[in-house]
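Report on one structure; see the data block that follows.
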Amino acid sequence: MTAPSFPTSAEQSPPQLPPLFAGYRPPSDTFDEAMTPSGQPRAEWKKLLEQLEMLGEGQLRKRWQQAQAQIDRDGVTYNPHDDDGLVSRPWTLDAIPMVLAEAEWSGLEQRLEQRARVLEALLTDLFGEQRVLKEKILPPHLLYGHPAWYPSYQNLNEAGQRYLSYSVTDLARAPDGQWWATGDRTRSPFGLGYVLENRIVTSRMLAPVFRSLPVQRLAGFYGTLKEQLRQLAPRFRDNPRIVLWTKGPQSRGYFEDSYLARYLGYTLAEGDDLAVRNQRVQLLTLGGLLPVEVLLRRVDDDDCDSVELNGKSAIGISALLDVVRSGRVAVANAVGSRLVESPAFLPFLPAVSRFLLGEELQVPSVATWWCGDSSACSHVLNNLDRMMVRSAFRMDNVRPVVGRTLSDKQRGDLAARIREAPESFVGQEILSRSTTPVLTEAGVVPWYVGLRSFLVATEDGFQALPGGLARVSADSDSLNFTMTDGERSQDVWVVSQTPVAHVSLLETPSTLIAPRRSGSELPSRVADNFFWLGRYSERSSQTARLLRTLFASLESEDMDGPENTPLLRVLAKKGQIDPDHLDPKGGHTTADIITALPVSALDPKRAQSLLSSVNNTVRTAIRVRDRISRDMWRAIDRLNEQFLQAARVGDPRSVDMMVLLENALSDLSGLMGLVAEGMTRTLGWHFYHLGCRVERCSQTTTILDCFFGAHRSDDPDTLEALLTTTDSLMTYRNRYLATFQIPVVLDLLMTDITNPRSITYQLLRISEHLAVMPGNESQALLSPEQKLAMALTSAVRLSDIYELSQLDRSGHRPGLKKLLTRLENKLPKLSDAVSSRFLIHAGLPRHFGSSAEATRGQYGES
Amino acid sequence: MNYKITHTTNYRYSTPVSVCHNMVVLTPRPTDYLTVSSHRLSIRPIPISTEKRRDTFGNLLTRFSLEEHHSKLTITATSRVSVLPRDLPAAEATPTCDVVRAGIADASDPNWLAVVPFVFDSPRIQRSSVFADFAAPVVQGSRSVLTALTDLTRLIYTEFKYDKNATRVDTPTESAFENRHGVCQDFAHIAVACLRSLKMPARYVSGYLRTIPPPGKERLVGADQSHAWVSVWCGPGLRWVDFDPTNNCVCGTDHVPIAVGRDYSDVVPIKGVFLGGGEPELTVSVDVAPEERPAESFSKDDA
């Protein structure tokens with residue numbers, strides 16, 4: 001896609017509109033990023049402001065809308081809560097970037113670099129020599145009383161190994177123009193993916209401006225990060241296997257994890273994909289175990305190893321720490337590094353810097369008092385109105401309390417809580433932040449800004465990302481909580497005096513990479529998810545088609561047609577409606593059914609309802625999001641959106657089911673088309689199709705059984721409905737026109753090798769997919785799942801459609817029933833055989849002593 | 001007093017276990033009052049890897065992994081140790097609780113850095129006024145530390161009911177405290193919580209207790225027990241002194257410590273994860289056999 005160009009003079013905004021910045025009035029008591037106190041634009045902003053004025057408000061808004069639409073299309077979201085990911089908020093980016101002059105930035109960068117060195121030196125000392133404790137620079141409480149400290153963190157790293165590969169310092173600018181650190185992040189800083197997305201979108205939105213200004217590029221930073229991680233590898237430094245270890249799709253950071261994994265070119269893996277075997281961390285793939293050299297860790301420190309750390313955690317790699325200790329894997333950032341981001345450390349950093357580095361701390365922290373010190377505590381209690389009180393040690397899900405917003409009673413309660421456990425709290429001075437221009441409904445207005453700066457380790461120190469992530473809000477207090485608080489984000493432009501050099505992450509390393517055909521380095525879990533994505537998307541689409549056929553029939557002139565009953569039987573068999581709707585004595589009228597259907601189709605509690613199948617499709621797609629194309633993701637997202645909208649209607653009976661079904665079918669077939677055309681024929685693709693084929697085979701079997709298993713179903717309306725719901729009506733009409741006969745219907749749906757919906761067709765494709773699976777491709781003998789598939793194929797192909805169609809005296813078709821029953825019994829076995837052969841490497845790990853009697857027995861009593 | 005201690009743990013699985021990663025703390029750490037003349041940790045099947053290390057508190061940990069299918073796991077720790085008697089001064093002659101506390105708080109005690117990890121909260125111990133209020137009448141700042149601790153030991157012994165069915169290994173200290181019942185682990189935790197709530201450094205000890213057969217009866221082999229008690233910092237002169245609230249005594253030569261930690265979670269005898277296994281069946285036997293004279297001093301490990 002090329003960037004949109006700016007309008008020609010003829011298109012320019014009408015002159016009668018007031019200039020964009022005419023009403024921009026920053027508060028007098030803060031520093032404004034764009035304007036001097038006398039109302040003149042700062043030098044580094046001049047060019048941007050001129051160009052924005054030239055563009056005019058109308059154009060700027062239009063481009064901004066397009067940019068937001070692009071963010072939506074790219075699916076840039078974040079989970080405000082750790083949930084199942086179905087509801088996530090889009091990332092919001094402002095139309096105006098924040099500008100910093102290179103001269104100012106390079107000074108700040110050096111000072112930030114020093115702060116990162118201080119934090120790393122502190123970690124190295126705390127977990128090693130502990131000189132800061134011995135010399136009483138730091139109260140021992142901050143280490144040993146830290147609720148997240150584990151004895152295993154001590155001396156975990158080899159001497160000299162890096163603790164921080166990257167870190168974050170959050171900044172606020174005081175009225176005098178000085179930058180203050182409000183906090184640091186040393187675990188796995190959030191935001192590097194969003195920074196990148198902000199830059200991509202903003203530079204396109206304001207392409208000519210961006211081109212005309214020498215804005216410092218970001219790619220070099222990410223290149224350094226890759227280089228740094230490569231250097232950490234204990235072996236194979238030329239091309240080590242580096243894995244981005246994510247908490248998983250339920251986590252807040254998952255979008256960014258998958259975004260970064262893709263950008264940096266690392267495999268995205270969850271704890272389940274990784275295991276310690278043979279004293280190394282291994283990636284569990286279809287092709288077997290592959291040793292991992294470096295883990296770029298996004299999980300919490302105490303979740304890393306359930307043997308030595310938090311035993312309750314299920315997302316860790318059991319026995320990881322032993323592998324770390326023996327130097328057979330590198331973890332970035334080092335396990336335990338999170339400790340020093342706790343606010344309780346802030347008051348001590350200047351002394352730590354002097355003691356460990358012999359340097360004055362150059363980016364000062366916002367004045368912070370740790371209440372574990374009694375004089376600091378009384379200072380906080382006496383000045384609650386000027387303070388923000390936050391947890392001294394915990395960073396997550398604990399909102400700071402702003403003293404001046406409290407009622408008298410609340411203030412009393414807070415003071416009592418502080419007195420009860422003073423060491424758990426810090427008081428922090430509330431800083432008056434700087435403001436920067438933001439485009440709102442009311443025009444361009446000054447909002448408060450917080451700047452998140454990113455540092456990456458270099459050989460002898462750190463290097464900053466030029467600029468960072470700006471968060472803006474009309475309310476200064478909301479910038480004090482988490483990264484995702486604040487109303488919007490902004491790209492940050494560090495404007496150089498001289499043209500900037502082009503850097504791309506795609507620069508080739510020293511050695512040439514041999515072409516590969518993406519073989520078996522697919523984590524088993526990912527293959528499993530592709531398999532289920534295939535199954536769920538096929539199930540959704542079959543269910544939607546069935547419902548569409550049924551609604552069309554129920555809403556037709558002849559609403560009580562004979563075809564309704566077998567269609568309802570299919571739904572009842574799958575637990576999608578209550579079986580009493582089928583009972584002729586149940587007294588259910590067609591009208592009853594029409595009202596009941598949408599309710600059950602959109603019932604999330606029914607395992608096989610349309611909504612459940614769609615939700616499962618979306619959930620599974622989220623799990624492989626880093627491996628599917630953007631277009632595929634958009635199709636999934638649209639599908640999800642349709643059903644979220646339907647849910648917003650509230651009462652399912654008010655949902656226009658036909659529209660919903662049509663849209664769902666079109667999104668699903670779009671998805672399948674994209675898979676067919678857009679996805680490389682990797683194992684992931686094979687597993688997706690394997691899932692589709694197994695599901696379609698089983699769906700068609702169920703449908704046939706419900707139509708013919710114990711019923712004649714030989715009237716034209718019923719047969720037509722059968723062909724419609726199996727998407728084979730057109731083929732039938734082409735061949736046999738309007739005459740409906742059971743043997744040829746059975747041929748088309750069961751034995752025809754040219755109909756992509758027939759059972760034989762599915763079974764043949766299943767055998768083909770199985771033949772290329774790892775281990776099968778070179779085997780002379782057939783594997784168990786191949787034998788199963790072949791036996792079923794033969795059974796169906798060797799059957800005689802005329803015999804199958806024969807009715808016995810009681811009006812049943814015993815031959816057909818027998819064959820369908822065999823399929824119904826064997827298909828789940830086939831699916832299980834595939835799972836156990838390729839997909840399930842591991843069950844759930846269990847803990848020794850997890851049951852009461854076991855531990856008591858072990859522990860004994862006296 | 002010399003002992004040969006055999007601690008055998010047996011897991012039998014109804015379906016095979018494919019992988020297990022374990023950490024065991026079964027090796028006694030030598031101290032001023034404990035000599036370890038031999039120790040052998042035998043693991044069957046033989047692990048693919050075994051790593052031994054000393055943790056930050058000085059305990060001897062063993063990490064091992066099995067990566068072949070097995071239906072049975074046997075861990076046997078055999079130790080020959082000598083426990084020396086401690087000559088404690090008259091209780092009244094020991095420093096006051098205030099003096100002991102101050103030595104750590106202001107770092108004037110030369111050992112403060114090694115002791116200070118045991119004054120804060122830990123995974124199983126949350127200091128609170130509930131514990132402080134319970135112990136404050138006996139652990140007064142002006143009382144000599146041994147007097148105070150002897151009284152606290154007795155207080156727990158008399159106020160709490162020994163009931164091996166009342167609590168589980170993961171019962172919170174608070175709940176055992178509130179219900180006034182539990183086993184040695186609970187009583188040790190309660191003692192630690194009370195002392196730390198009063199700013200006294202205290203740690204949890206896991207070990208063994210020699211059982212003395214009733215008069216005229218033979219000692220039953222393998223019927224001894226794992227045990228737990230509390231160890232309290234009593235100033236640079238006395239250092240750590242161990243008390244057994246379950247048996248209302250100062251620990252002597254009947255007590256054989258293995259490891260010390262902030263609480264049970266630091267010194268779990270066997271922990272780890274395994275895959276598969278169906279219904280595991282566990283049997284444990286501990287044998288603390290008194291021996292006439294110390295075995296010759298040598299050390300051999302096969303694990």
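Ordering of the structure tokens sets the chain letters (A, B, ...); residue numbers start at 1 within each chain; ligands are numbered from 1 in the order shown.
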
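Per DSSP on the backbone, strand (DSSP E or B) in region 6-196 of chain A comprises A:Asp32, A:Met35, A:Pro41, A:Thr77, A:Tyr78, A:Arg89, A:Pro90, A:Leu93, A:Met98, A:Val99, A:Leu100, A:Ala101, A:Tyr166, A:Ser167, A:Val168, A:Thr169, A:Asp170, A:Leu171, A:Ala172, A:Arg173, A:Trp179, A:Trp180, A:Ala181, A:Thr182, A:Gly183, A:Asp184, A:Arg185.
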
Selection: 12 Å around Ala376 (chain A), only C-alpha atoms, excl. self and same-chain fewer than 3 positions, as a list in words |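 Close residues of Ala376 (chain A): Ala344, Pro347, Ala367, Thr368, Trp369, Trp370, Cys371, Gly372, Asp373, His379, Val380, Leu381, Asn382, Asn383, Ile418, Pro422, Glu423, Phe425, Val426, Gly427 and Gln428 of chain A.
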
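Distances to Ile753 (chain A) were evaluated for A:Leu20, A:Leu729, A:Val796, A:Leu93 using only C-alpha atoms, and the minimum falls at A:Val796.
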
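A straight line drawn from CA of Arg187 (chain A) to CA of Lys134 (chain A) is 25.6 Å long.
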
With only C-alpha atoms as the atoms that count, which of A:Pro598, A:Gly815, A:Gly145, A:Gly412 lies nearest to chain B?
-> A:Gly145
